[in-house]
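Asker: Sharing model01.cif, mmCIF, C-alpha atoms; chains and numbers go by the auth columns:
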data_data
loop_
_atom_site.group_PDB
_atom_site.id
_atom_site.type_symbol
_atom_site.label_atom_id
_atom_site.label_comp_id
_atom_site.label_asym_id
_atom_site.label_seq_id
_atom_site.Cartn_x
_atom_site.Cartn_y
_atom_site.Cartn_z
_atom_site.B_iso_or_equiv
_atom_site.auth_seq_id
_atom_site.auth_asym_id
ATOM 1 C CA MET A 1 0.000 0.000 0.000 0.00 1387 A
ATOM 2 C CA THR A 2 1.360 3.421 -0.932 0.00 1388 A
ATOM 3 C CA VAL A 3 0.704 6.883 0.466 0.00 1389 A
ATOM 4 C CA GLU A 4 -1.883 7.451 -2.292 0.00 1390 A
ATOM 5 C CA THR A 5 -4.004 4.484 -1.205 0.00 1391 A
ATOM 6 C CA CYS A 6 -5.723 3.451 1.985 0.00 1392 A
ATOM 7 C CA ARG A 7 -7.973 0.636 3.185 0.00 1393 A
ATOM 8 C CA ILE A 8 -11.615 1.643 2.781 0.00 1394 A
ATOM 9 C CA ASP A 9 -12.455 0.943 6.435 0.00 1395 A
ATOM 10 C CA VAL A 10 -9.562 3.110 7.614 0.00 1396 A
ATOM 11 C CA TRP A 11 -10.551 5.923 5.222 0.00 1397 A
ATOM 12 C CA LEU A 12 -14.201 5.903 6.351 0.00 1398 A
ATOM 13 C CA TRP A 13 -13.007 6.088 9.959 0.00 1399 A
ATOM 14 C CA ARG A 14 -10.481 8.889 9.258 0.00 1400 A
ATOM 15 C CA ALA A 15 -13.117 10.867 7.340 0.00 1401 A
ATOM 16 C CA ARG A 16 -15.440 10.445 10.355 0.00 1402 A
ATOM 17 C CA PHE A 17 -18.213 8.568 8.560 0.00 1403 A
ATOM 18 C CA ALA A 18 -17.838 5.787 11.156 0.00 1404 A
ATOM 19 C CA LYS A 19 -17.051 6.109 14.860 0.00 1405 A
ATOM 20 C CA THR A 20 -14.826 3.011 14.849 0.00 1406 A
ATOM 21 C CA ARG A 21 -12.951 0.959 12.283 0.00 1407 A
ATOM 22 C CA SER A 22 -15.146 -2.000 13.226 0.00 1408 A
ATOM 23 C CA LEU A 23 -18.290 -0.052 12.292 0.00 1409 A
ATOM 24 C CA ALA A 24 -16.652 1.071 9.044 0.00 1410 A
ATOM 25 C CA ALA A 25 -15.711 -2.539 8.239 0.00 1411 A
ATOM 26 C CA ALA A 26 -19.274 -3.695 8.955 0.00 1412 A
ATOM 27 C CA LEU A 27 -20.644 -1.042 6.594 0.00 1413 A
ATOM 28 C CA VAL A 28 -18.385 -2.327 3.816 0.00 1414 A
ATOM 29 C CA GLU A 29 -19.085 -6.005 4.540 0.00 1415 A
ATOM 30 C CA ARG A 30 -22.856 -5.352 4.274 0.00 1416 A
ATOM 31 C CA GLY A 31 -22.234 -4.211 0.699 0.00 1417 A
ATOM 32 C CA ALA A 32 -23.419 -0.681 1.500 0.00 1418 A
ATOM 33 C CA VAL A 33 -20.448 1.078 -0.136 0.00 1419 A
ATOM 34 C CA ARG A 34 -19.984 1.539 -3.872 0.00 1420 A
ATOM 35 C CA LEU A 35 -16.653 2.787 -5.164 0.00 1421 A
ATOM 36 C CA THR A 36 -15.947 4.255 -8.597 0.00 1422 A
ATOM 37 C CA HIS A 37 -12.318 3.884 -9.666 0.00 1423 A
ATOM 38 C CA ASN A 38 -11.114 4.569 -13.213 0.00 1424 A
ATOM 39 C CA GLY A 39 -14.728 4.820 -14.408 0.00 1425 A
ATOM 40 C CA ALA A 40 -15.812 1.417 -13.098 0.00 1426 A
ATOM 41 C CA GLN A 41 -18.221 1.218 -10.150 0.00 1427 A
ATOM 42 C CA VAL A 42 -18.051 -1.780 -7.827 0.00 1428 A
ATOM 43 C CA ARG A 43 -19.891 -2.690 -4.646 0.00 1429 A
ATOM 44 C CA LEU A 44 -17.231 -3.284 -2.024 0.00 1430 A
ATOM 45 C CA ASP A 45 -17.423 -6.402 0.091 0.00 1431 A
ATOM 46 C CA LYS A 46 -14.117 -6.445 1.963 0.00 1432 A
ATOM 47 C CA PRO A 47 -12.761 -3.744 4.284 0.00 1433 A
ATOM 48 C CA SER A 48 -9.270 -4.375 2.926 0.00 1434 A
ATOM 49 C CA ARG A 49 -10.163 -2.919 -0.490 0.00 1435 A
ATOM 50 C CA THR A 50 -8.255 0.258 -1.232 0.00 1436 A
ATOM 51 C CA VAL A 51 -9.411 3.776 -1.999 0.00 1437 A
ATOM 52 C CA HIS A 52 -7.419 6.305 -4.061 0.00 1438 A
ATOM 53 C CA VAL A 53 -7.509 10.077 -4.377 0.00 1439 A
ATOM 54 C CA GLY A 54 -10.006 10.892 -7.135 0.00 1440 A
ATOM 55 C CA ASP A 55 -12.223 7.863 -6.512 0.00 1441 A
ATOM 56 C CA GLY A 56 -15.968 8.360 -6.206 0.00 1442 A
ATOM 57 C CA MET A 57 -17.945 6.792 -3.390 0.00 1443 A
ATOM 58 C CA VAL A 58 -21.643 6.281 -2.674 0.00 1444 A
ATOM 59 C CA PHE A 59 -23.135 4.946 0.564 0.00 1445 A
ATOM 60 C CA ALA A 60 -25.978 5.492 3.015 0.00 1446 A
ATOM 61 C CA ILE A 61 -25.557 6.140 6.723 0.00 1447 A
ATOM 62 C CA ALA A 62 -28.385 6.783 9.180 0.00 1448 A
ATOM 63 C CA GLY A 63 -30.909 7.158 6.386 0.00 1449 A
ATOM 64 C CA ARG A 64 -28.771 9.744 4.584 0.00 1450 A
ATOM 65 C CA PHE A 65 -27.488 9.108 1.056 0.00 1451 A
ATOM 66 C CA ILE A 66 -23.889 10.312 0.634 0.00 1452 A
ATOM 67 C CA GLU A 67 -22.062 10.730 -2.666 0.00 1453 A
ATOM 68 C CA LEU A 68 -18.527 12.088 -2.607 0.00 1454 A
ATOM 69 C CA THR A 69 -15.145 12.311 -4.287 0.00 1455 A
ATOM 70 C CA VAL A 70 -12.031 11.351 -2.328 0.00 1456 A
ATOM 71 C CA GLU A 71 -9.776 14.420 -2.100 0.00 1457 A
ATOM 72 C CA GLY A 72 -7.158 13.044 0.297 0.00 1458 A
ATOM 73 C CA ILE A 73 -6.125 9.942 2.192 0.00 1459 A
ATOM 74 C CA GLY A 74 -4.988 11.451 5.485 0.00 1460 A
ATOM 75 C CA ASP A 75 -2.579 9.931 7.949 0.00 1461 A
ATOM 76 C CA ARG A 76 -4.689 9.983 11.111 0.00 1462 A
ATOM 77 C CA ARG A 77 -8.197 10.438 12.470 0.00 1463 A
ATOM 78 C CA GLY A 78 -8.005 14.130 13.138 0.00 1464 A
ATOM 79 C CA PRO A 79 -10.506 16.802 14.096 0.00 1465 A
ATOM 80 C CA PRO A 80 -13.673 17.292 11.997 0.00 1466 A
ATOM 81 C CA ASP A 81 -12.165 20.108 9.899 0.00 1467 A
ATOM 82 C CA GLU A 82 -9.243 17.874 8.963 0.00 1468 A
ATOM 83 C CA ALA A 83 -11.620 14.990 8.184 0.00 1469 A
ATOM 84 C CA ARG A 84 -13.769 17.166 5.879 0.00 1470 A
ATOM 85 C CA ALA A 85 -10.663 17.993 3.845 0.00 1471 A
ATOM 86 C CA LEU A 86 -10.468 14.314 2.819 0.00 1472 A
ATOM 87 C CA TYR A 87 -13.565 14.481 0.581 0.00 1473 A
ATOM 88 C CA ARG A 88 -15.826 16.695 -1.515 0.00 1474 A
ATOM 89 C CA LEU A 89 -19.542 16.028 -1.397 0.00 1475 A
ATOM 90 C CA ILE A 90 -21.188 15.762 -4.828 0.00 1476 A
ATOM 91 C CA GLY A 91 -23.919 18.342 -5.362 0.00 1477 A
ATOM 92 C CA ASP A 92 -22.883 20.252 -2.250 0.00 1478 A
ATOM 93 C CA GLU A 93 -21.926 23.866 -2.824 0.00 1479 A
ATOM 94 C CA GLY A 94 -21.076 24.567 0.813 0.00 1480 A
ATOM 95 C CA PRO A 95 -18.093 23.423 2.866 0.00 1481 A
ATOM 96 C CA GLY A 96 -17.571 19.627 3.103 0.00 1482 A
#
Output the file's structure as structure tokens, nothing else.
Answerer:
Amino acid sequence: MTVETCRIDVWLWRARFAKTRSLAAALVERGAVRLTHNGAQVRLDKPSRTVHVGDGMVFAIAGRFIELTVEGIGDRRGPPDEARALYRLIGDEGPG
């Protein structure tokens, strides 16, 4: 794994879409996350799958549909402002 890639469960946790890595892994294992990489969309089934900068992602959490583009990988689970810098919401004109 290089600096430009990250496990999907780790990325969801760093971006604060899941409170724990275990919850992020469960979300992926349920097949609730779709990733678009190089124009091909796949439903992820393993938390070890990788995400890259520029990938698109679609998933639902707490009844909310989220579509985003990965803008960064990050190196830790930081504060919310740092987490929001890791993605850009699709169709959202305001801050991430």
Asker: Could you jot down the CA of Arg1416 (chain A) to CA of Glu1468 (chain A) separation for me, Å, one decimal place?
Answerer: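 Going from CA of Arg1416 (chain A) over to CA of Glu1468 (chain A), I get 27.3 Å.
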Asker: How far is it from CA of Pro1465 (chain A) to CA of His1438 (chain A), in Å with one decimal?
Answerer: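 Between CA of Pro1465 (chain A) and CA of His1438 (chain A) the gap is 21.2 Å.
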Asker: What is the distance, in Å and to one decimal place, between CA of Thr1455 (chain A) and CA of Leu1475 (chain A)?
Answerer: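 Spanning CA of Thr1455 (chain A) to CA of Leu1475 (chain A) is a straight-line distance of 6.4 Å.
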Asker: I'd like the contact shell of region 1457-1459 of chain A - 6 Å cut-off, all atoms listed in the file, skipping same-chain residues fewer than 6 positions apart - returned as a list in words.
Answerer: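 Those residues are Val1439, Leu1472 and Tyr1473 of chain A.
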Asker: May I ask which of the residues A:Glu1453, A:Asp1461, A:Asp1467, A:Asp1431 is the closest one to Val1396 (chain A), counting only C-alpha atoms?
Answerer: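 For Val1396 (chain A), the nearest of the given residues is A:Asp1461.
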Asker: Given the file shown, enumerate the residues that the PyMOL selection byres ((chain A and resi 1407) around 12) captures and present them as a PyMOL selection string.
Answerer: chain A and resi 1393-1406+1408-1414+1433-1434+1463
Asker: With only C-alpha atoms as the counted atoms, please give the residues lying no more than 10 Å from Gln1427 (chain A), apart from itself and same-chain residues fewer than 3 positions off, as a list in words.
Answerer: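 Near neighbours after the sequence-gap exclusion: Arg1420, Leu1421, Thr1422, His1423, Asn1424, Leu1430, Asp1441, Gly1442, Met1443 and Val1444 of chain A.
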Asker: Determine the nearest neighbour of Ala1446 (chain A) from the options A:Glu1390, A:Val1419, A:Ala1426, A:Arg1474, counting all atoms listed in the file.
Answerer: A:Val1419
Asker: Padding 8 Å on every side, please: axis-aligned box over the listed atoms of region 1454-1468 of chain A, centre and edge lengths to one decimal in Å, as lines of an AutoDock Vina configuration file.
Answerer:
center_x = -10.6
center_y = 15.0
center_z = 4.9
size_x = 31.9
size_y = 26.2
size_z = 34.4
Asker: For region 1423-1434 of chain A, where the input has fewer atoms than it should, I would like all heavy atoms rebuilt and written as a PDB file, in the coordinates of the input.
Answerer:
ATOM      1  N   HIS A1423     -13.754   3.709  -9.438  1.00  0.00           N
ATOM      2  CA  HIS A1423     -12.318   3.884  -9.666  1.00  0.00           C
ATOM      3  C   HIS A1423     -12.051   3.668 -11.147  1.00  0.00           C
ATOM      4  O   HIS A1423     -12.445   2.645 -11.709  1.00  0.00           O
ATOM      5  CB  HIS A1423     -11.519   2.886  -8.813  1.00  0.00           C
ATOM      6  CG  HIS A1423     -10.052   2.974  -9.002  1.00  0.00           C
ATOM      7  ND1 HIS A1423      -9.303   4.030  -8.513  1.00  0.00           N
ATOM      8  CD2 HIS A1423      -9.189   2.166  -9.641  1.00  0.00           C
ATOM      9  CE1 HIS A1423      -8.038   3.844  -8.847  1.00  0.00           C
ATOM     10  NE2 HIS A1423      -7.953   2.706  -9.535  1.00  0.00           N
ATOM     11  N   ASN A1424     -11.407   4.628 -11.769  1.00  0.00           N
ATOM     12  CA  ASN A1424     -11.114   4.569 -13.213  1.00  0.00           C
ATOM     13  C   ASN A1424     -12.374   4.315 -14.035  1.00  0.00           C
ATOM     14  O   ASN A1424     -12.367   3.546 -14.997  1.00  0.00           O
ATOM     15  CB  ASN A1424     -10.065   3.499 -13.511  1.00  0.00           C
ATOM     16  CG  ASN A1424      -8.695   3.871 -12.993  1.00  0.00           C
ATOM     17  OD1 ASN A1424      -8.368   5.049 -12.860  1.00  0.00           O
ATOM     18  ND2 ASN A1424      -7.887   2.880 -12.699  1.00  0.00           N
ATOM     19  N   GLY A1425     -13.484   4.919 -13.647  1.00  0.00           N
ATOM     20  CA  GLY A1425     -14.728   4.820 -14.408  1.00  0.00           C
ATOM     21  C   GLY A1425     -15.561   3.578 -14.169  1.00  0.00           C
ATOM     22  O   GLY A1425     -16.653   3.455 -14.700  1.00  0.00           O
ATOM     23  N   ALA A1426     -15.059   2.650 -13.381  1.00  0.00           N
ATOM     24  CA  ALA A1426     -15.812   1.417 -13.098  1.00  0.00           C
ATOM     25  C   ALA A1426     -16.325   1.445 -11.664  1.00  0.00           C
ATOM     26  O   ALA A1426     -15.560   1.637 -10.724  1.00  0.00           O
ATOM     27  CB  ALA A1426     -14.923   0.195 -13.306  1.00  0.00           C
ATOM     28  N   GLN A1427     -17.632   1.235 -11.492  1.00  0.00           N
ATOM     29  CA  GLN A1427     -18.221   1.218 -10.150  1.00  0.00           C
ATOM     30  C   GLN A1427     -18.363  -0.216  -9.670  1.00  0.00           C
ATOM     31  O   GLN A1427     -18.828  -1.080 -10.398  1.00  0.00           O
ATOM     32  CB  GLN A1427     -19.583   1.894 -10.145  1.00  0.00           C
ATOM     33  CG  GLN A1427     -20.134   2.057  -8.738  1.00  0.00           C
ATOM     34  CD  GLN A1427     -21.467   2.751  -8.719  1.00  0.00           C
ATOM     35  OE1 GLN A1427     -22.476   2.114  -8.988  1.00  0.00           O
ATOM     36  NE2 GLN A1427     -21.464   4.035  -8.414  1.00  0.00           N
ATOM     37  N   VAL A1428     -17.930  -0.451  -8.433  1.00  0.00           N
ATOM     38  CA  VAL A1428     -18.051  -1.780  -7.827  1.00  0.00           C
ATOM     39  C   VAL A1428     -18.621  -1.637  -6.423  1.00  0.00           C
ATOM     40  O   VAL A1428     -18.372  -0.651  -5.736  1.00  0.00           O
ATOM     41  CB  VAL A1428     -16.694  -2.519  -7.761  1.00  0.00           C
ATOM     42  CG1 VAL A1428     -16.169  -2.824  -9.138  1.00  0.00           C
ATOM     43  CG2 VAL A1428     -15.679  -1.741  -6.964  1.00  0.00           C
ATOM     44  N   ARG A1429     -19.392  -2.632  -6.023  1.00  0.00           N
ATOM     45  CA  ARG A1429     -19.891  -2.690  -4.646  1.00  0.00           C
ATOM     46  C   ARG A1429     -18.812  -3.393  -3.837  1.00  0.00           C
ATOM     47  O   ARG A1429     -18.437  -4.530  -4.133  1.00  0.00           O
ATOM     48  CB  ARG A1429     -21.188  -3.485  -4.590  1.00  0.00           C
ATOM     49  CG  ARG A1429     -21.806  -3.504  -3.205  1.00  0.00           C
ATOM     50  CD  ARG A1429     -23.057  -4.337  -3.175  1.00  0.00           C
ATOM     51  NE  ARG A1429     -24.046  -3.914  -4.135  1.00  0.00           N
ATOM     52  CZ  ARG A1429     -25.108  -3.154  -3.866  1.00  0.00           C
ATOM     53  NH1 ARG A1429     -25.303  -2.738  -2.633  1.00  0.00           N
ATOM     54  NH2 ARG A1429     -25.964  -2.831  -4.797  1.00  0.00           N
ATOM     55  N   LEU A1430     -18.306  -2.713  -2.828  1.00  0.00           N
ATOM     56  CA  LEU A1430     -17.231  -3.284  -2.024  1.00  0.00           C
ATOM     57  C   LEU A1430     -17.784  -4.317  -1.051  1.00  0.00           C
ATOM     58  O   LEU A1430     -18.884  -4.159  -0.524  1.00  0.00           O
ATOM     59  CB  LEU A1430     -16.503  -2.175  -1.262  1.00  0.00           C
ATOM     60  CG  LEU A1430     -15.840  -1.112  -2.143  1.00  0.00           C
ATOM     61  CD1 LEU A1430     -15.174  -0.061  -1.286  1.00  0.00           C
ATOM     62  CD2 LEU A1430     -14.839  -1.737  -3.091  1.00  0.00           C
ATOM     63  N   ASP A1431     -16.995  -5.348  -0.817  1.00  0.00           N
ATOM     64  CA  ASP A1431     -17.423  -6.402   0.091  1.00  0.00           C
ATOM     65  C   ASP A1431     -16.382  -6.726   1.157  1.00  0.00           C
ATOM     66  O   ASP A1431     -16.656  -7.461   2.087  1.00  0.00           O
ATOM     67  CB  ASP A1431     -17.765  -7.669  -0.691  1.00  0.00           C
ATOM     68  CG  ASP A1431     -16.597  -8.180  -1.521  1.00  0.00           C
ATOM     69  OD1 ASP A1431     -15.590  -7.463  -1.661  1.00  0.00           O
ATOM     70  OD2 ASP A1431     -16.683  -9.315  -2.030  1.00  0.00           O
ATOM     71  N   LYS A1432     -15.185  -6.175   1.003  1.00  0.00           N
ATOM     72  CA  LYS A1432     -14.117  -6.445   1.963  1.00  0.00           C
ATOM     73  C   LYS A1432     -13.511  -5.125   2.444  1.00  0.00           C
ATOM     74  O   LYS A1432     -13.186  -4.261   1.635  1.00  0.00           O
ATOM     75  CB  LYS A1432     -13.015  -7.283   1.316  1.00  0.00           C
ATOM     76  CG  LYS A1432     -13.474  -8.661   0.916  1.00  0.00           C
ATOM     77  CD  LYS A1432     -12.347  -9.437   0.301  1.00  0.00           C
ATOM     78  CE  LYS A1432     -12.854 -10.806  -0.122  1.00  0.00           C
ATOM     79  NZ  LYS A1432     -11.828 -11.569  -0.801  1.00  0.00           N
ATOM     80  N   PRO A1433     -13.336  -4.977   3.752  1.00  0.00           N
ATOM     81  CA  PRO A1433     -12.761  -3.744   4.284  1.00  0.00           C
ATOM     82  C   PRO A1433     -11.310  -3.510   3.869  1.00  0.00           C
ATOM     83  O   PRO A1433     -10.796  -2.410   3.999  1.00  0.00           O
ATOM     84  CB  PRO A1433     -12.854  -3.905   5.800  1.00  0.00           C
ATOM     85  CG  PRO A1433     -13.566  -5.161   6.068  1.00  0.00           C
ATOM     86  CD  PRO A1433     -13.761  -5.891   4.788  1.00  0.00           C
ATOM     87  N   SER A1434     -10.660  -4.528   3.340  1.00  0.00           N
ATOM     88  CA  SER A1434      -9.270  -4.375   2.926  1.00  0.00           C
ATOM     89  C   SER A1434      -9.128  -3.767   1.529  1.00  0.00           C
ATOM     90  O   SER A1434      -8.017  -3.466   1.104  1.00  0.00           O
ATOM     91  CB  SER A1434      -8.563  -5.731   2.967  1.00  0.00           C
ATOM     92  OG  SER A1434      -9.186  -6.635   2.065  1.00  0.00           O
TER      93      SER A1434
END
